[in-house]
file input.txt (compact mmCIF, C-alpha atoms)
# COMPACT_ATOMS: atom_id res chain seq x y z
CA MET J 84 35.35 14.77 -47.05
CA GLU J 85 33.09 15.80 -44.11
CA ASP J 86 33.44 19.34 -42.78
CA LYS J 87 33.20 20.18 -39.06
CA SER J 88 29.53 21.14 -39.20
CA GLU J 89 28.55 17.72 -40.69
CA LYS J 90 30.53 15.85 -38.00
CA PHE J 91 28.88 18.00 -35.34
CA CYS J 92 25.45 17.17 -36.76
CA LYS J 93 26.12 13.42 -36.62
CA LEU J 94 27.46 13.59 -33.06
CA GLU J 95 24.42 15.49 -31.82
CA LYS J 96 22.02 13.04 -33.47
CA LEU J 97 23.89 10.17 -31.82
CA LYS J 98 23.47 11.80 -28.42
CA VAL J 99 19.71 12.11 -28.91
CA LYS J 100 19.42 8.46 -29.93
CA GLU J 101 21.37 7.38 -26.85
CA MET J 102 19.15 9.22 -24.35
CA ASN J 103 18.63 6.98 -21.33
CA LYS J 104 15.21 5.30 -21.43
CA GLN J 105 15.49 3.30 -18.22
CA VAL J 106 13.12 3.80 -15.29
CA VAL J 107 13.81 2.63 -11.74
CA VAL J 108 10.75 1.53 -9.74
CA ILE J 109 11.36 1.31 -5.99
CA GLY J 110 8.88 -1.02 -4.31
CA GLY J 111 7.46 -4.22 -5.77
CA GLY J 112 3.93 -4.18 -4.36
CA PRO J 113 0.78 -3.95 -6.49
CA ALA J 114 1.41 -0.32 -7.50
CA GLY J 115 5.05 -0.93 -8.41
CA MET J 116 4.28 -4.09 -10.39
CA ALA J 117 1.39 -2.42 -12.23
CA ALA J 118 3.58 0.57 -13.10
CA ALA J 119 6.50 -1.59 -14.24
CA GLY J 120 4.23 -3.60 -16.52
CA LYS J 121 2.75 -0.50 -18.11
CA LEU J 122 6.17 1.13 -18.57
CA GLN J 123 7.29 -2.05 -20.35
CA ASN J 124 4.33 -1.67 -22.70
CA PHE J 125 5.40 1.91 -23.40
CA GLY J 126 8.81 0.65 -24.50
CA TYR J 127 10.92 1.60 -21.50
CA ASP J 128 13.49 -0.55 -19.74
CA VAL J 129 12.53 -1.04 -16.11
CA VAL J 130 14.51 -2.00 -13.01
CA LEU J 131 12.21 -3.02 -10.15
CA ILE J 132 13.84 -2.83 -6.71
CA GLU J 133 12.26 -4.74 -3.83
CA LYS J 134 13.65 -4.97 -0.30
CA LYS J 135 11.93 -8.28 0.44
CA ALA J 136 12.80 -11.70 -0.98
CA GLU J 137 9.74 -11.65 -3.24
CA ILE J 138 7.78 -9.00 -5.10
CA GLY J 139 4.10 -8.71 -4.26
CA GLY J 140 4.19 -6.54 -1.14
CA HIS J 141 1.35 -7.01 1.33
CA LEU J 142 -0.57 -9.00 -1.27
CA ASN J 143 1.65 -11.96 -0.38
CA LYS J 144 0.07 -12.03 3.10
CA TRP J 145 -3.57 -11.70 2.13
CA TYR J 146 -6.14 -14.42 1.60
CA LYS J 147 -8.78 -12.66 -0.50
CA VAL J 148 -9.49 -9.00 -1.25
CA PHE J 149 -12.71 -7.02 -1.05
CA PRO J 150 -15.25 -6.42 -2.39
CA ASP J 151 -15.37 -9.42 -4.76
CA PHE J 152 -13.24 -11.91 -2.74
CA THR J 153 -10.68 -12.37 -5.51
CA ASP J 154 -7.74 -14.50 -4.33
CA ALA J 155 -4.79 -12.25 -3.54
CA SER J 156 -2.49 -14.83 -5.16
CA GLU J 157 -4.44 -14.46 -8.41
CA ILE J 158 -3.85 -10.71 -8.45
CA THR J 159 -0.14 -11.16 -7.76
CA ALA J 160 0.18 -13.72 -10.56
CA ASN J 161 -1.67 -11.45 -12.97
CA LEU J 162 0.61 -8.48 -12.23
CA LYS J 163 3.76 -10.63 -12.42
CA SER J 164 2.74 -11.94 -15.84
CA GLY J 165 2.82 -8.41 -17.22
CA LEU J 166 6.37 -7.60 -16.12
CA GLY J 167 7.97 -8.85 -19.34
CA LYS J 168 11.70 -8.21 -19.36
CA THR J 169 11.64 -6.10 -16.19
CA ARG J 170 14.87 -6.56 -14.25
CA ILE J 171 13.94 -7.43 -10.68
CA LEU J 172 16.32 -6.89 -7.77
CA ASN J 173 15.06 -8.66 -4.65
CA ASN J 174 16.52 -8.26 -1.14
CA THR J 175 17.78 -4.86 -2.29
CA THR J 176 17.41 -1.33 -0.95
CA VAL J 177 18.27 2.08 -2.35
CA THR J 178 21.07 3.81 -0.48
CA GLN J 179 21.66 6.90 -2.60
CA ILE J 180 20.11 8.90 -5.44
CA LYS J 181 22.32 11.39 -7.29
CA GLY J 182 21.83 13.65 -10.28
CA SER J 183 18.63 14.96 -11.83
CA ALA J 184 16.18 13.88 -14.52
CA PRO J 185 16.78 12.42 -17.03
CA ASN J 186 20.20 11.51 -15.65
CA PHE J 187 19.71 9.99 -12.22
CA LYS J 188 22.17 7.55 -10.69
CA VAL J 189 20.61 5.17 -8.17
CA THR J 190 22.95 3.30 -5.84
CA VAL J 191 21.62 0.12 -4.22
CA SER J 192 22.69 -1.94 -1.21
CA THR J 193 24.81 -4.27 -3.37
CA GLY J 194 26.94 -1.30 -4.43
CA GLU J 195 25.64 -1.26 -8.01
CA GLU J 196 24.93 2.14 -9.58
CA ILE J 197 21.91 2.18 -11.89
CA GLU J 198 21.22 4.91 -14.42
CA ALA J 199 17.64 6.15 -14.63
CA ALA J 200 15.80 8.75 -16.66
CA ALA J 201 13.01 8.78 -14.06
CA ILE J 202 12.25 7.16 -10.71
CA LEU J 203 9.01 5.84 -9.26
CA VAL J 204 8.67 5.45 -5.50
CA SER J 205 5.98 2.89 -4.69
CA THR J 206 7.15 1.72 -1.28
CA GLY J 207 3.66 1.29 0.14
CA PHE J 208 2.83 1.43 3.84
CA LYS J 209 3.58 -0.27 7.12
CA HIS J 210 1.06 -1.57 9.62
CA PHE J 211 0.53 0.14 12.94
CA ASP J 212 2.41 -1.50 15.81
CA ALA J 213 -0.43 -2.88 17.96
CA THR J 214 1.80 -3.18 21.05
CA LEU J 215 1.53 0.62 21.37
CA LYS J 216 -2.12 0.16 22.44
CA GLU J 217 -1.33 -1.62 25.68
CA GLU J 218 -4.91 -1.51 26.91
CA TYR J 219 -5.89 -4.03 24.20
CA GLY J 220 -3.33 -6.59 25.35
CA TYR J 221 -1.61 -7.40 22.08
CA GLY J 222 1.64 -9.24 22.83
CA ILE J 223 0.34 -9.93 26.34
CA TYR J 224 -2.78 -12.06 25.87
CA ASP J 225 -2.58 -15.21 23.75
CA ASN J 226 -5.91 -14.69 22.02
CA CYS J 227 -5.41 -11.07 21.00
CA ILE J 228 -4.21 -10.95 17.39
CA THR J 229 -3.96 -8.43 14.55
CA SER J 230 -5.88 -8.39 11.28
CA VAL J 231 -2.66 -9.44 9.50
CA GLU J 232 -2.45 -12.59 11.62
CA LEU J 233 -6.14 -13.29 11.10
CA ASP J 234 -5.69 -13.16 7.33
CA ALA J 235 -2.91 -15.75 7.61
CA MET J 236 -5.30 -17.99 9.56
CA LEU J 237 -8.01 -17.55 6.95
CA LYS J 238 -5.53 -18.36 4.19
CA ALA J 239 -4.63 -21.58 6.03
CA GLN J 240 -8.35 -22.34 6.61
CA SER J 241 -7.57 -22.47 10.32
CA VAL J 242 -9.05 -19.70 12.47
CA LYS J 243 -8.25 -21.02 15.94
CA THR J 244 -7.52 -19.80 19.45
CA ARG J 245 -4.06 -20.34 20.87
CA SER J 246 -5.27 -23.61 22.43
CA GLY J 247 -6.32 -24.87 18.98
CA LYS J 248 -10.09 -24.52 19.36
CA ALA J 249 -12.44 -22.93 16.86
CA PRO J 250 -13.66 -19.65 18.44
CA LYS J 251 -17.33 -19.33 19.36
CA LYS J 252 -17.17 -15.55 19.74
CA VAL J 253 -14.86 -13.11 17.94
CA ALA J 254 -14.63 -9.35 18.43
CA MET J 255 -12.97 -7.08 15.89
CA ILE J 256 -11.81 -3.64 16.96
CA HIS J 257 -11.84 -1.05 14.19
CA CYS J 258 -9.44 1.89 13.81
CA VAL J 259 -6.55 0.50 15.85
CA GLY J 260 -3.79 3.05 15.26
CA SER J 261 -5.99 5.21 13.03
CA ARG J 262 -7.89 8.40 13.92
CA ASP J 263 -6.03 8.30 17.22
CA GLU J 264 -4.32 11.43 18.54
CA LYS J 265 -2.67 9.43 21.33
CA VAL J 266 -0.45 7.62 18.83
CA ASN J 267 -0.09 10.65 16.51
CA ASN J 268 -2.13 9.08 13.72
CA ASN J 269 -5.04 11.39 12.99
CA HIS J 270 -5.79 10.01 9.54
CA CYS J 271 -8.37 7.40 8.56
CA SER J 272 -6.81 4.29 7.01
CA ARG J 273 -9.86 4.01 4.70
CA VAL J 274 -9.82 0.26 4.11
CA CYS J 275 -10.10 -1.09 7.67
CA CYS J 276 -13.90 -0.99 7.89
CA THR J 277 -14.39 -2.83 4.62
CA ASN J 278 -11.61 -5.27 5.46
CA ALA J 279 -13.26 -6.02 8.81
CA ILE J 280 -16.54 -6.74 7.02
CA LYS J 281 -14.78 -9.00 4.51
CA VAL J 282 -12.91 -11.07 7.09
CA ALA J 283 -16.03 -11.32 9.27
CA ILE J 284 -17.82 -12.95 6.33
CA GLU J 285 -14.85 -15.24 5.71
CA ILE J 286 -14.83 -16.37 9.34
CA LYS J 287 -18.55 -17.13 9.13
CA GLU J 288 -18.02 -19.09 5.91
CA GLN J 289 -15.36 -21.22 7.57
CA ASN J 290 -17.09 -21.38 10.97
CA PRO J 291 -20.85 -20.71 10.55
CA ASP J 292 -21.62 -21.07 14.28
CA CYS J 293 -19.21 -18.32 15.32
CA GLU J 294 -20.66 -15.05 16.65
CA ILE J 295 -18.86 -11.97 15.38
CA TYR J 296 -18.94 -8.48 16.85
CA CYS J 297 -17.48 -5.44 15.10
CA LEU J 298 -16.71 -2.60 17.50
CA TYR J 299 -16.49 0.56 15.42
CA MET J 300 -16.13 4.34 15.70
CA ASP J 301 -17.90 5.02 12.39
CA ILE J 302 -18.53 2.70 9.47
CA ARG J 303 -16.81 4.12 6.39
CA VAL J 304 -17.50 2.04 3.28
CA PHE J 305 -17.04 4.29 0.28
CA GLY J 306 -16.35 2.19 -2.85
CA ARG J 307 -18.44 0.35 -5.42
CA GLY J 308 -19.91 -2.75 -3.81
CA TYR J 309 -18.71 -1.81 -0.31
CA GLU J 310 -22.08 -0.72 1.10
CA GLU J 311 -23.67 -3.85 -0.36
CA LEU J 312 -20.98 -5.94 1.35
CA TYR J 313 -21.78 -4.21 4.65
CA ARG J 314 -25.46 -5.06 4.33
CA THR J 315 -24.76 -8.64 3.26
CA SER J 316 -22.58 -9.22 6.32
CA GLN J 317 -25.54 -8.39 8.56
CA GLU J 318 -28.47 -9.78 6.59
CA LYS J 319 -26.91 -13.03 5.36
CA PHE J 320 -24.15 -13.77 7.87
CA GLY J 321 -25.48 -12.16 11.06
CA VAL J 322 -22.39 -10.06 11.84
CA GLN J 323 -23.21 -7.69 14.70
CA PHE J 324 -21.97 -4.09 14.70
CA LEU J 325 -21.61 -2.23 17.99
CA ARG J 326 -20.75 1.45 18.01
CA GLY J 327 -18.51 1.15 21.00
CA ARG J 328 -15.21 2.28 22.37
CA LEU J 329 -13.08 -0.42 23.95
CA SER J 330 -11.51 0.86 27.15
CA GLU J 331 -9.78 -2.30 28.33
CA ALA J 332 -9.35 -6.00 27.61
CA GLY J 333 -8.54 -8.53 30.34
CA GLU J 334 -7.71 -12.21 30.20
CA LYS J 335 -9.77 -14.73 32.17
CA ASN J 336 -8.48 -18.02 33.58
CA ASP J 337 -9.79 -20.02 30.63
CA GLY J 338 -7.96 -17.82 28.09
CA THR J 339 -11.06 -15.93 26.97
CA LEU J 340 -10.99 -12.15 26.98
CA LEU J 341 -13.30 -9.85 28.91
CA LEU J 342 -13.86 -6.59 27.05
CA ARG J 343 -14.98 -3.48 28.85
CA LEU J 344 -16.46 -0.94 26.51
CA GLU J 345 -18.87 1.92 26.18
CA ASP J 346 -21.82 1.75 23.81
CA THR J 347 -21.47 5.24 22.37
CA LEU J 348 -25.04 5.20 20.98
CA THR J 349 -26.63 4.67 24.41
CA ALA J 350 -23.73 6.05 26.51
CA LYS J 351 -23.91 2.89 28.65
CA PRO J 352 -21.04 0.61 29.72
CA MET J 353 -20.95 -2.94 28.36
CA ARG J 354 -19.06 -6.16 28.99
CA LEU J 355 -18.39 -8.75 26.34
CA THR J 356 -16.50 -12.05 26.67
CA VAL J 357 -14.90 -13.39 23.49
CA ASP J 358 -12.59 -16.23 22.51
CA LEU J 359 -10.60 -14.17 20.03
CA LEU J 360 -9.93 -10.44 19.84
CA VAL J 361 -8.82 -9.08 16.44
CA LEU J 362 -7.23 -5.65 16.18
CA MET J 363 -7.85 -4.09 12.75
CA VAL J 364 -4.52 -2.28 12.52
CA GLY J 365 -4.32 0.81 10.34
CA MET J 366 -1.83 1.98 7.74
CA GLU J 367 1.15 4.17 8.51
CA GLY J 368 3.41 6.01 6.08
CA ASN J 369 6.57 4.24 4.99
CA SER J 370 8.79 7.29 4.54
CA GLU J 371 12.22 5.65 4.73
CA LEU J 372 13.27 7.14 1.38
CA ALA J 373 12.37 10.71 2.31
CA GLU J 374 15.96 11.81 2.91
CA VAL J 375 17.53 9.67 0.18
CA ALA J 376 15.14 10.90 -2.53
CA GLY J 377 14.57 14.39 -1.14
CA LEU J 378 10.85 13.77 -0.70
CA LYS J 379 8.49 15.70 1.55
CA VAL J 380 6.24 14.00 4.09
CA GLY J 381 2.77 15.26 4.99
CA CYS J 382 1.02 15.58 8.34
CA ASP J 383 -0.19 11.98 7.93
CA HIS J 384 3.42 10.71 7.52
CA PHE J 385 2.86 9.69 3.87
CA TYR J 386 4.71 11.29 0.95
CA THR J 387 3.47 14.65 -0.30
CA THR J 388 2.61 14.98 -3.99
CA ALA J 389 3.36 17.97 -6.20
CA HIS J 390 -0.30 18.99 -6.12
CA GLN J 391 -3.13 17.12 -4.43
CA GLN J 392 -5.69 17.91 -7.12
CA TYR J 393 -4.01 17.69 -10.52
CA SER J 394 -0.49 16.35 -10.02
CA ASN J 395 -0.98 13.46 -7.65
CA ASN J 396 1.64 11.11 -9.09
CA ALA J 397 4.47 13.64 -9.21
CA SER J 398 6.60 14.34 -6.17
CA THR J 399 8.12 17.67 -5.27
CA GLN J 400 11.32 16.48 -6.98
CA LYS J 401 11.34 16.73 -10.79
CA GLY J 402 11.60 13.30 -12.38
CA ILE J 403 10.71 11.40 -9.19
CA PHE J 404 7.16 10.07 -9.15
CA LEU J 405 4.92 8.45 -6.52
CA ALA J 406 2.30 5.70 -6.65
CA GLY J 407 0.10 3.52 -4.49
CA ALA J 408 -0.06 3.65 -0.72
CA ALA J 409 3.19 5.63 -0.61
CA THR J 410 0.97 8.74 -0.78
CA GLY J 411 -1.78 7.52 1.53
CA PRO J 412 -4.03 4.56 2.41
CA LYS J 413 -5.47 2.81 -0.64
CA ALA J 414 -7.29 -0.40 -1.49
CA ILE J 415 -5.55 -2.91 -3.77
CA MET J 416 -7.55 -1.91 -6.85
CA GLU J 417 -6.73 1.76 -6.22
CA SER J 418 -3.03 1.01 -5.89
CA ILE J 419 -3.01 -0.88 -9.18
CA THR J 420 -4.82 1.95 -10.96
CA ASP J 421 -2.54 4.53 -9.38
CA GLY J 422 0.56 2.60 -10.46
CA ARG J 423 -0.62 2.57 -14.07
CA SER J 424 -1.48 6.24 -13.86
CA ALA J 425 2.04 6.98 -12.62
CA ALA J 426 3.48 5.01 -15.55
CA SER J 427 1.54 7.22 -17.96
CA GLU J 428 2.80 10.34 -16.19
CA ILE J 429 6.38 9.07 -16.40
CA ALA J 430 6.03 8.25 -20.11
CA ALA J 431 4.68 11.75 -20.82
CA PHE J 432 7.49 13.30 -18.79
CA LEU J 433 10.19 11.35 -20.64
CA LEU J 434 8.70 12.08 -24.05
CA SER J 435 8.73 15.77 -23.16
CA ALA J 436 12.33 15.52 -21.93
CA GLU J 437 13.39 13.77 -25.12
CA ALA J 438 11.64 16.38 -27.27
CA SER J 439 13.34 19.14 -25.29
CA ILE J 440 16.76 17.55 -25.83
CA GLN J 441 15.97 17.14 -29.53
CA ALA J 442 14.91 20.78 -29.82
CA ASN J 443 18.02 22.00 -27.99
CA SER J 444 20.21 19.81 -30.15
CA ASN J 445 18.61 21.16 -33.31
CA GLY J 446 19.22 24.69 -32.12
CA GLN J 447 22.88 23.92 -31.44
CA LEU J 448 23.19 22.30 -34.87
CA VAL J 449 21.87 25.38 -36.63
CA THR J 450 24.36 27.51 -34.70
CA GLY J 451 27.18 25.09 -35.55
CA ILE J 452 26.35 25.02 -39.20
CA ALA J 453 25.99 28.78 -39.39
CA VAL J 454 29.44 29.24 -37.95
call {"tool": "encode", "arguments": {"input": "input.txt", "output": "structure tokens"}}
result
Amino acid sequence: MEDKSEKFCKLEKLKVKEMNKQVVVIGGGPAGMAAAGKLQNFGYDVVLIEKKAEIGGHLNKWYKVFPDFTDASEITANLKSGLGKTRILNNTTVTQIKGSAPNFKVTVSTGEEIEAAAILVSTGFKHFDATLKEEYGYGIYDNCITSVELDAMLKAQSVKTRSGKAPKKVAMIHCVGSRDEKVNNNHCSRVCCTNAIKVAIEIKEQNPDCEIYCLYMDIRVFGRGYEELYRTSQEKFGVQFLRGRLSEAGEKNDGTLLLRLEDTLTAKPMRLTVDLLVLMVGMEGNSELAEVAGLKVGCDHFYTTAHQQYSNNASTQKGIFLAGAATGPKAIMESITDGRSAASEIAAFLLSAEASIQANSNGQLVTGIAV
């Protein structure tokens, strides 16, 4: 017949075995998908929550990505294939987070309450609202579009003006909504310069006779292959770069746009007439979960990490982690790498939590037996 100490021992062992090993990932973009796939490989159950109808995030909108022009759809398919048995909740948002690690309770918009040992926030970014720069005419002039809309045209192999004609001249304005005190965005969005170079090449590939002008503040191309892409755009495709500040765009009777700008290298005013004006809109922080998850937001409106140097996937809340563009502007490849890094951090955290529970349980067992 078992005595009380033996029963106590068995109960405590059962509790350790039943420790929750489920992770909730909020945000199904490249970082969230990469993290979910890696967590699956580590043996954890994953619930991936996405507010849109499909996972993929901004990748679903893109044509190709720099610097190697890989199809965005290929990257999405690759990340989806690694999700395994991940439970995916589309058209769903998180409304409440209660408890603490490793015993979180996440309530979603359907009313379901999901248990989680750890949480990953990978909610990405939002694009700057170009209508806030009225002087550029977005939402006013037919042939003023954003870089997001241009990518959709490239994907459809149909870069056209509103009247349906192939443009003969295209101007792309860098840093729209970035490095701009007037709109309270002082940060650099990092990827806009390289993205402008990439789409300029793509336009030239689809319409070789088109003249393309990039109006920039500074050219910032920092990654492997980025500088080479910049040179190729000029040497092979004839893309012209003007260090100029656009002061105003006006529409002419034929639908073309007259740009008034200052060449900041010569300090002289310039005029340029184009068929299509593309605003390279920057990234803004998507901090909608700040209050729900108790997360801090930095001066750039992105989530603040536990430590910028050596704890860049942990948030200021124990057991809640961050990945991808949720913590600042990143290229696709960086977001994927960051998502996998976060998965490793979560796995290490949960192993430590499990070991701590085991150690505490063993201590309690010794006390129970001794009594």
call {"tool": "axis_aligned_box", "arguments": {"input": "input.txt", "around": "segment 187-193 of chain J", "padding_each_side": "8 Å", "output": "JSON"}}
result
{"center_x": 22.3, "center_y": 2.9, "center_z": -6.7, "size_x": 21.1, "size_y": 30.3, "size_z": 27.0}
call {"tool": "closest_residue", "arguments": {"input": "input.txt", "among": "J:Leu237, J:Ile429, J:Leu166, J:Leu142", "to": "Glu285 of chain J", "atoms": "only C-alpha atoms"}}
result
J:Leu237
call {"tool": "atom_distance", "arguments": {"input": "input.txt", "atom1": "atom CA of Lys104 of chain J", "atom2": "atom CA of Glu195 of chain J"}}
result
18.2 Å
call {"tool": "residues_around", "arguments": {"input": "input.txt", "residues": "Ala249 of chain J", "least_positions_apart": "3", "cutoff": "9 Å", "atoms": "all atoms listed in the file", "output": "PDB file with C-alpha atoms, in the coordinates of the input"}}
result
ATOM      1  CA  SER J 241      -7.570 -22.470  10.320  1.00  0.00           C
ATOM      2  CA  VAL J 242      -9.050 -19.700  12.470  1.00  0.00           C
ATOM      3  CA  LYS J 243      -8.250 -21.020  15.940  1.00  0.00           C
ATOM      4  CA  THR J 244      -7.520 -19.800  19.450  1.00  0.00           C
ATOM      5  CA  ASN J 290     -17.090 -21.380  10.970  1.00  0.00           C
ATOM      6  CA  CYS J 293     -19.210 -18.320  15.320  1.00  0.00           C
ATOM      7  CA  ASP J 358     -12.590 -16.230  22.510  1.00  0.00           C
TER       8      ASP J 358
END
call {"tool": "closest_atom_pairs", "arguments": {"input": "input.txt", "of": "segment 113-154 of chain J", "to": "segment 307-317 of chain J", "cutoff": "9 Å", "atoms": "all atoms listed in the file", "output": "tab-separated table"}}
result
residue	atom	partner	partner_atom	distance
J:Phe149	CA	J:Tyr309	CA	8.0
J:Pro150	CA	J:Gly308	CA	6.1
J:Asp151	CA	J:Gly308	CA	8.1
call {"tool": "atom_distance", "arguments": {"input": "input.txt", "atom1": "atom CA of His384 of chain J", "atom2": "atom CA of Pro185 of chain J"}}
result
28.0 Å
call {"tool": "closest_residue", "arguments": {"input": "input.txt", "among": "J:Val361, J:Ala436, J:Met353, J:Leu340", "to": "Ala184 of chain J", "atoms": "all atoms listed in the file"}}
result
J:Ala436
call {"tool": "closest_atom_pairs", "arguments": {"input": "input.txt", "of": "segment 266-285 of chain J", "to": "segment 203-224 of chain J", "cutoff": "12 Å", "atoms": "only C-alpha atoms", "output": "CSV"}}
result
residue,atom,partner,partner_atom,distance
J:Val266,CA,J:Leu215,CA,7.7
J:Asn267,CA,J:Phe211,CA,11.1
J:Asn268,CA,J:Phe211,CA,9.4
J:Ser272,CA,J:His210,CA,10.2
J:Cys275,CA,J:His210,CA,11.3
call {"tool": "residues_around", "arguments": {"input": "input.txt", "residues": "Gln123 of chain J", "least_positions_apart": "4", "cutoff": "8 Å", "atoms": "all atoms listed in the file", "output": "PyMOL selection string"}}
result
chain J and resi 119+127-129+166-169
call {"tool": "residues_around", "arguments": {"input": "input.txt", "residues": "Ile256 of chain J", "least_positions_apart": "6", "cutoff": "9 Å", "atoms": "all atoms listed in the file", "output": "ChimeraX atom specification"}}
result
/J:279,296-299,328-329,360-364
call {"tool": "residues_around", "arguments": {"input": "input.txt", "residues": "Gly182 of chain J", "least_positions_apart": "6", "cutoff": "10 Å", "atoms": "all atoms listed in the file", "output": "number ranges by chain"}}
result
J: 188-189, 198-199
call {"tool": "closest_residue", "arguments": {"input": "input.txt", "among": "J:Val106, J:Leu341, J:Val304, J:Ala426", "to": "Ala201 of chain J", "atoms": "only C-alpha atoms"}}
result
J:Val106
call {"tool": "atom_distance", "arguments": {"input": "input.txt", "atom1": "atom CA of Thr410 of chain J", "atom2": "atom CA of Lys238 of chain J"}}
result
28.3 Å
call {"tool": "closest_residue", "arguments": {"input": "input.txt", "among": "J:Tyr146, J:Phe320, J:Phe187, J:Phe125", "to": "Glu294 of chain J", "atoms": "all atoms listed in the file"}}
result
J:Phe320
call {"tool": "closest_residue", "arguments": {"input": "input.txt", "among": "J:Arg303, J:Lys319, J:Lys379, J:Lys252", "to": "Leu355 of chain J", "atoms": "only C-alpha atoms"}}
result
J:Lys252
call {"tool": "closest_residue", "arguments": {"input": "input.txt", "among": "J:Met236, J:Glu367, J:Val107, J:Val282", "to": "Leu405 of chain J", "atoms": "all atoms listed in the file"}}
result
J:Val107
call {"tool": "build_atoms", "arguments": {"input": "input.txt", "residues": "segment 387-393 of chain J", "atoms": "all heavy atoms", "output": "mmCIF file, in the frame of the given file"}}
result
data_model
loop_
_atom_site.group_PDB
_atom_site.id
_atom_site.type_symbol
_atom_site.label_atom_id
_atom_site.label_comp_id
_atom_site.auth_asym_id
_atom_site.auth_seq_id
_atom_site.Cartn_x
_atom_site.Cartn_y
_atom_site.Cartn_z
ATOM 1 N N THR J 387 4.248 13.542 0.258
ATOM 2 C CA THR J 387 3.470 14.650 -0.300
ATOM 3 C C THR J 387 3.652 14.701 -1.813
ATOM 4 O O THR J 387 4.765 14.601 -2.315
ATOM 5 C CB THR J 387 3.935 15.982 0.316
ATOM 6 O OG1 THR J 387 3.764 15.927 1.743
ATOM 7 C CG2 THR J 387 3.135 17.150 -0.236
ATOM 8 N N THR J 388 2.551 14.874 -2.527
ATOM 9 C CA THR J 388 2.610 14.980 -3.990
ATOM 10 C C THR J 388 2.805 16.433 -4.405
ATOM 11 O O THR J 388 2.659 17.357 -3.596
ATOM 12 C CB THR J 388 1.328 14.426 -4.618
ATOM 13 O OG1 THR J 388 0.204 15.172 -4.144
ATOM 14 C CG2 THR J 388 1.144 12.957 -4.263
ATOM 15 N N ALA J 389 3.121 16.621 -5.695
ATOM 16 C CA ALA J 389 3.360 17.970 -6.200
ATOM 17 C C ALA J 389 2.127 18.842 -6.069
ATOM 18 O O ALA J 389 2.211 20.030 -5.741
ATOM 19 C CB ALA J 389 3.811 17.907 -7.661
ATOM 20 N N HIS J 390 0.963 18.283 -6.323
ATOM 21 C CA HIS J 390 -0.300 18.990 -6.120
ATOM 22 C C HIS J 390 -1.396 17.955 -5.895
ATOM 23 O O HIS J 390 -1.549 17.020 -6.679
ATOM 24 C CB HIS J 390 -0.642 19.874 -7.315
ATOM 25 C CG HIS J 390 -1.741 20.857 -7.027
ATOM 26 N ND1 HIS J 390 -3.059 20.504 -6.968
ATOM 27 C CD2 HIS J 390 -1.690 22.193 -6.762
ATOM 28 C CE1 HIS J 390 -3.803 21.562 -6.687
ATOM 29 N NE2 HIS J 390 -2.986 22.608 -6.557
ATOM 30 N N GLN J 391 -2.157 18.136 -4.836
ATOM 31 C CA GLN J 391 -3.130 17.120 -4.430
ATOM 32 C C GLN J 391 -4.268 16.952 -5.436
ATOM 33 O O GLN J 391 -4.867 15.884 -5.535
ATOM 34 C CB GLN J 391 -3.715 17.488 -3.060
ATOM 35 C CG GLN J 391 -4.397 16.331 -2.357
ATOM 36 C CD GLN J 391 -4.685 16.624 -0.906
ATOM 37 O OE1 GLN J 391 -4.254 17.640 -0.378
ATOM 38 N NE2 GLN J 391 -5.421 15.760 -0.255
ATOM 39 N N GLN J 392 -4.562 17.988 -6.201
ATOM 40 C CA GLN J 392 -5.690 17.910 -7.120
ATOM 41 C C GLN J 392 -5.322 17.428 -8.513
ATOM 42 O O GLN J 392 -5.966 16.556 -9.061
ATOM 43 C CB GLN J 392 -6.359 19.303 -7.220
ATOM 44 C CG GLN J 392 -6.927 19.820 -5.909
ATOM 45 C CD GLN J 392 -8.053 18.951 -5.375
ATOM 46 O OE1 GLN J 392 -8.740 18.271 -6.134
ATOM 47 N NE2 GLN J 392 -8.245 18.948 -4.067
ATOM 48 N N TYR J 393 -4.275 18.011 -9.117
ATOM 49 C CA TYR J 393 -4.010 17.690 -10.520
ATOM 50 C C TYR J 393 -2.596 17.208 -10.812
ATOM 51 O O TYR J 393 -2.207 17.101 -11.973
ATOM 52 C CB TYR J 393 -4.326 18.900 -11.417
ATOM 53 C CG TYR J 393 -3.687 20.202 -10.993
ATOM 54 C CD1 TYR J 393 -2.342 20.458 -11.247
ATOM 55 C CD2 TYR J 393 -4.432 21.185 -10.339
ATOM 56 C CE1 TYR J 393 -1.760 21.639 -10.862
ATOM 57 C CE2 TYR J 393 -3.850 22.377 -9.950
ATOM 58 C CZ TYR J 393 -2.535 22.604 -10.221
ATOM 59 O OH TYR J 393 -1.941 23.783 -9.829
#
